[in-house]
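Student: Hey, dropping protein.txt in here, compact mmCIF, N, CA and C atoms and all ligand atoms:
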# COMPACT_ATOMS: atom_id res chain seq x y z
N MET A 24 0.85 -1.18 0.00
CA MET A 24 0.00 0.00 0.00
C MET A 24 0.90 1.24 0.00
N ASN A 25 0.62 2.16 -0.89
CA ASN A 25 1.51 3.33 -0.94
C ASN A 25 1.20 4.32 0.19
N PRO A 26 2.12 5.21 0.46
CA PRO A 26 1.98 6.13 1.60
C PRO A 26 0.73 6.99 1.53
N PHE A 27 0.33 7.39 0.33
CA PHE A 27 -0.86 8.23 0.20
C PHE A 27 -2.11 7.47 0.62
N VAL A 28 -2.22 6.24 0.18
CA VAL A 28 -3.38 5.41 0.55
C VAL A 28 -3.38 5.17 2.05
N ARG A 29 -2.20 4.93 2.60
CA ARG A 29 -2.11 4.75 4.06
C ARG A 29 -2.60 6.01 4.78
N PHE A 30 -2.20 7.16 4.27
CA PHE A 30 -2.60 8.41 4.89
C PHE A 30 -4.12 8.57 4.84
N ILE A 31 -4.72 8.25 3.70
CA ILE A 31 -6.17 8.36 3.57
C ILE A 31 -6.87 7.40 4.53
N MET A 32 -6.34 6.18 4.63
CA MET A 32 -6.92 5.22 5.55
C MET A 32 -6.81 5.70 6.99
N TRP A 33 -5.68 6.32 7.29
CA TRP A 33 -5.46 6.84 8.64
C TRP A 33 -6.48 7.95 8.93
N LEU A 34 -6.67 8.83 7.94
CA LEU A 34 -7.65 9.91 8.11
C LEU A 34 -9.04 9.35 8.34
N ARG A 35 -9.39 8.35 7.57
CA ARG A 35 -10.72 7.74 7.72
C ARG A 35 -10.90 7.14 9.11
N ARG A 36 -9.85 6.55 9.60
CA ARG A 36 -9.93 5.98 10.94
C ARG A 36 -10.09 7.09 11.97
N LEU A 37 -9.35 8.18 11.74
CA LEU A 37 -9.37 9.30 12.67
C LEU A 37 -10.77 9.89 12.79
N ILE A 38 -11.47 10.02 11.69
CA ILE A 38 -12.80 10.63 11.72
C ILE A 38 -13.89 9.61 11.93
N GLY A 39 -13.50 8.38 12.18
CA GLY A 39 -14.49 7.36 12.49
C GLY A 39 -15.20 6.80 11.28
N GLY A 40 -14.62 6.98 10.13
CA GLY A 40 -15.23 6.43 8.92
C GLY A 40 -15.09 4.94 8.89
N GLY A 41 -16.19 4.26 9.05
CA GLY A 41 -16.14 2.81 9.06
C GLY A 41 -16.30 2.25 7.67
N GLY A 42 -16.28 0.96 7.60
CA GLY A 42 -16.51 0.29 6.32
C GLY A 42 -17.99 0.21 6.05
N GLU A 43 -18.35 -0.71 5.19
CA GLU A 43 -19.75 -0.84 4.83
C GLU A 43 -20.64 -1.18 6.03
N ASP A 44 -20.03 -1.85 7.01
CA ASP A 44 -20.79 -2.19 8.20
C ASP A 44 -20.38 -1.35 9.41
N GLY A 45 -19.52 -0.35 9.19
CA GLY A 45 -19.12 0.54 10.27
C GLY A 45 -18.19 -0.09 11.28
N SER A 46 -17.63 -1.25 10.96
CA SER A 46 -16.78 -1.94 11.92
C SER A 46 -15.35 -1.40 11.89
N GLU A 47 -14.62 -1.76 12.91
CA GLU A 47 -13.21 -1.40 12.99
C GLU A 47 -12.41 -2.31 12.06
N PHE A 48 -11.13 -1.97 11.89
CA PHE A 48 -10.26 -2.83 11.11
C PHE A 48 -9.94 -4.07 11.93
N LEU A 49 -9.92 -5.19 11.27
CA LEU A 49 -9.64 -6.45 11.95
C LEU A 49 -8.26 -6.44 12.61
N CYS A 50 -7.30 -5.84 11.94
CA CYS A 50 -5.92 -5.87 12.44
C CYS A 50 -5.81 -5.28 13.84
N ASP A 51 -6.69 -4.34 14.17
CA ASP A 51 -6.62 -3.71 15.49
C ASP A 51 -6.78 -4.71 16.62
N THR A 52 -7.45 -5.80 16.36
CA THR A 52 -7.70 -6.77 17.42
C THR A 52 -7.11 -8.14 17.05
N CYS A 53 -6.21 -8.16 16.09
CA CYS A 53 -5.69 -9.43 15.60
C CYS A 53 -4.41 -9.84 16.34
N LEU A 54 -4.34 -11.11 16.61
CA LEU A 54 -3.18 -11.71 17.28
C LEU A 54 -1.89 -11.47 16.50
N TYR A 55 -1.98 -11.37 15.19
CA TYR A 55 -0.79 -11.27 14.35
C TYR A 55 -0.37 -9.85 13.99
N ASP A 56 -1.01 -8.87 14.59
CA ASP A 56 -0.69 -7.48 14.24
C ASP A 56 0.48 -6.96 15.07
N HIS A 57 1.64 -7.57 14.87
CA HIS A 57 2.85 -7.09 15.53
C HIS A 57 4.06 -7.57 14.75
N GLY A 58 5.08 -6.74 14.76
CA GLY A 58 6.34 -7.10 14.11
C GLY A 58 6.14 -7.68 12.72
N SER A 59 6.79 -8.82 12.48
CA SER A 59 6.68 -9.44 11.16
C SER A 59 5.77 -10.66 11.21
N ALA A 60 4.92 -10.73 12.22
CA ALA A 60 4.01 -11.87 12.35
C ALA A 60 3.04 -11.96 11.18
N CYS A 61 2.72 -10.82 10.61
CA CYS A 61 1.81 -10.80 9.46
C CYS A 61 2.44 -10.01 8.33
N THR A 62 2.45 -10.61 7.14
CA THR A 62 3.03 -9.91 5.99
C THR A 62 1.99 -9.60 4.94
N ARG A 63 0.74 -9.72 5.31
CA ARG A 63 -0.33 -9.43 4.34
C ARG A 63 -0.32 -7.94 3.97
N PRO A 64 -0.49 -7.65 2.69
CA PRO A 64 -0.45 -6.26 2.25
C PRO A 64 -1.60 -5.42 2.79
N GLU A 65 -2.70 -6.07 3.16
CA GLU A 65 -3.83 -5.29 3.66
C GLU A 65 -3.66 -4.83 5.11
N ARG A 66 -2.67 -5.39 5.78
CA ARG A 66 -2.38 -4.93 7.13
C ARG A 66 -1.89 -3.49 7.09
N PRO A 67 -2.28 -2.58 7.94
CA PRO A 67 -3.09 -2.78 9.14
C PRO A 67 -4.56 -2.44 8.96
N ASN A 68 -5.00 -2.43 7.70
CA ASN A 68 -6.37 -1.96 7.46
C ASN A 68 -7.30 -3.04 6.92
N ALA A 69 -7.04 -4.28 7.26
CA ALA A 69 -7.89 -5.37 6.75
C ALA A 69 -9.29 -5.31 7.37
N ARG A 70 -10.27 -5.45 6.51
CA ARG A 70 -11.66 -5.55 6.99
C ARG A 70 -12.14 -6.99 6.86
N ARG A 71 -11.47 -7.72 6.00
CA ARG A 71 -11.73 -9.15 5.86
C ARG A 71 -10.39 -9.82 5.74
N CYS A 72 -10.22 -10.91 6.45
CA CYS A 72 -8.94 -11.60 6.40
C CYS A 72 -9.11 -13.03 6.85
N PRO A 73 -8.68 -13.98 6.02
CA PRO A 73 -8.83 -15.39 6.37
C PRO A 73 -7.91 -15.81 7.51
N ASP A 74 -6.87 -15.02 7.79
CA ASP A 74 -5.92 -15.37 8.84
C ASP A 74 -6.23 -14.73 10.18
N PHE A 75 -7.26 -13.93 10.22
CA PHE A 75 -7.57 -13.19 11.45
C PHE A 75 -7.80 -14.12 12.63
N ARG A 76 -7.15 -13.77 13.74
CA ARG A 76 -7.42 -14.46 15.01
C ARG A 76 -7.47 -13.42 16.10
N ARG A 77 -8.56 -13.41 16.85
CA ARG A 77 -8.69 -12.41 17.89
C ARG A 77 -7.66 -12.62 18.98
N ARG A 78 -7.10 -11.49 19.44
CA ARG A 78 -6.11 -11.56 20.52
C ARG A 78 -6.71 -12.08 21.80
S1 LIG A 101 -3.61 -11.66 9.75
FE1 LIG A 101 -5.12 -10.35 8.68
S2 LIG A 101 -6.26 -9.34 10.34
FE2 LIG A 101 -4.37 -10.16 11.23
S3 LIG A 101 -2.86 -8.48 11.16
FE3 LIG A 101 -2.64 -9.69 9.28
S4 LIG A 101 -3.94 -8.70 7.75
FE4 LIG A 101 -4.56 -7.97 9.77
Using the file provided, produce a representation of the structure as structure tokens.
Ligand code: SF4
Tutor:
Amino acid sequence: MNPFVRFIMWLRRLIGGGGEDGSEFLCDTCLYDHGSACTRPERPNARRCPDFRRR
């Protein structure tokens, strides 16, 4: 994800812009959201992820 897209995603998070269902990003509560535990390109803004595991 390029820096501009990251910035836009960050802004959306800041103003509370949710997804289609208004939910938070999965990565925020995911067990793998640290260091190099996850290399998925959608991190840290995944809304759907087959590898998601709640912390
Ligand atoms: S496994 Fe999926 S939900 Fe978890 S940090 Fe990676 S991209 Fe996010």
Student: Could you find all residues in chain A that DSSP calls alpha helix (DSSP H) from the backbone, and write them as a ChimeraX atom specification?
Tutor: /A:26-37
Student: Out of A:Ala69, A:Leu37, A:Arg78, A:Phe30, which residue has the shortest atom-to-atom distance to ligand LIG 101 (chain A) when counting only N, CA and C atoms and all ligand atoms?
Tutor: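 Among the listed residues, A:Ala69 lies closest to ligand LIG 101 (chain A).
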Student: Considering only C-alpha atoms and all ligand atoms, state which residue in the set A:Arg66, A:Arg36, A:Arg29, A:His57 is at the smallest distance from ligand LIG 101 (chain A).
Tutor: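 Nearest candidate to ligand LIG 101 (chain A) out of A:Arg66, A:Arg36, A:Arg29, A:His57: A:Arg66.
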Student: From the set A:Arg77, A:Met32, A:Cys50, A:Asn25, which residue has the shortest atom-to-atom contact distance to ligand LIG 101 (chain A), counting only N, CA and C atoms and all ligand atoms?
Tutor: A:Cys50
Student: Produce the centre coordinates and the three edge lengths, each in Å to one decimal, of the box along x, y and z that contains all listed atoms of stretch 61-65 of chain A with 3 Å added on each side, as JSON.
Tutor:
{"center_x": -0.4, "center_y": -7.8, "center_z": 6.4, "size_x": 12.9, "size_y": 12.0, "size_z": 14.4}
Student: At a cut-off of 6 Å around ligand LIG 101 (chain A), and using only C-alpha atoms and all ligand atoms, what residues come up? Please write them as a PDB file with N, CA and C atoms, in the frame of the given file.
Tutor:
ATOM      1  N   LEU A  49      -9.920  -5.190  11.270  1.00  0.00           N
ATOM      2  CA  LEU A  49      -9.640  -6.450  11.950  1.00  0.00           C
ATOM      3  C   LEU A  49      -8.260  -6.440  12.610  1.00  0.00           C
ATOM      4  N   CYS A  50      -7.300  -5.840  11.940  1.00  0.00           N
ATOM      5  CA  CYS A  50      -5.920  -5.870  12.440  1.00  0.00           C
ATOM      6  C   CYS A  50      -5.810  -5.280  13.840  1.00  0.00           C
ATOM      7  N   CYS A  53      -6.210  -8.160  16.090  1.00  0.00           N
ATOM      8  CA  CYS A  53      -5.690  -9.430  15.600  1.00  0.00           C
ATOM      9  C   CYS A  53      -4.410  -9.840  16.340  1.00  0.00           C
ATOM     10  N   TYR A  55      -1.980 -11.370  15.190  1.00  0.00           N
ATOM     11  CA  TYR A  55      -0.790 -11.270  14.350  1.00  0.00           C
ATOM     12  C   TYR A  55      -0.370  -9.850  13.990  1.00  0.00           C
ATOM     13  N   ASP A  56      -1.010  -8.870  14.590  1.00  0.00           N
ATOM     14  CA  ASP A  56      -0.690  -7.480  14.240  1.00  0.00           C
ATOM     15  C   ASP A  56       0.480  -6.960  15.070  1.00  0.00           C
ATOM     16  N   CYS A  61       2.720 -10.820  10.610  1.00  0.00           N
ATOM     17  CA  CYS A  61       1.810 -10.800   9.460  1.00  0.00           C
ATOM     18  C   CYS A  61       2.440 -10.010   8.330  1.00  0.00           C
ATOM     19  N   ARG A  63       0.740  -9.720   5.310  1.00  0.00           N
ATOM     20  CA  ARG A  63      -0.330  -9.430   4.340  1.00  0.00           C
ATOM     21  C   ARG A  63      -0.320  -7.940   3.970  1.00  0.00           C
ATOM     22  N   GLU A  65      -2.700  -6.070   3.160  1.00  0.00           N
ATOM     23  CA  GLU A  65      -3.830  -5.290   3.660  1.00  0.00           C
ATOM     24  C   GLU A  65      -3.660  -4.830   5.110  1.00  0.00           C
ATOM     25  N   ARG A  66      -2.670  -5.390   5.780  1.00  0.00           N
ATOM     26  CA  ARG A  66      -2.380  -4.930   7.130  1.00  0.00           C
ATOM     27  C   ARG A  66      -1.890  -3.490   7.090  1.00  0.00           C
ATOM     28  N   PRO A  67      -2.280  -2.580   7.940  1.00  0.00           N
ATOM     29  CA  PRO A  67      -3.090  -2.780   9.140  1.00  0.00           C
ATOM     30  C   PRO A  67      -4.560  -2.440   8.960  1.00  0.00           C
ATOM     31  N   ALA A  69      -7.040  -4.280   7.260  1.00  0.00           N
ATOM     32  CA  ALA A  69      -7.890  -5.370   6.750  1.00  0.00           C
ATOM     33  C   ALA A  69      -9.290  -5.310   7.370  1.00  0.00           C
ATOM     34  N   CYS A  72     -10.220 -10.910   6.450  1.00  0.00           N
ATOM     35  CA  CYS A  72      -8.940 -11.600   6.400  1.00  0.00           C
ATOM     36  C   CYS A  72      -9.110 -13.030   6.850  1.00  0.00           C
ATOM     37  N   ASP A  74      -6.870 -15.020   7.790  1.00  0.00           N
ATOM     38  CA  ASP A  74      -5.920 -15.370   8.840  1.00  0.00           C
ATOM     39  C   ASP A  74      -6.230 -14.730  10.180  1.00  0.00           C
ATOM     40  N   PHE A  75      -7.260 -13.930  10.220  1.00  0.00           N
ATOM     41  CA  PHE A  75      -7.570 -13.190  11.450  1.00  0.00           C
ATOM     42  C   PHE A  75      -7.800 -14.120  12.630  1.00  0.00           C
TER      43      PHE A  75
END
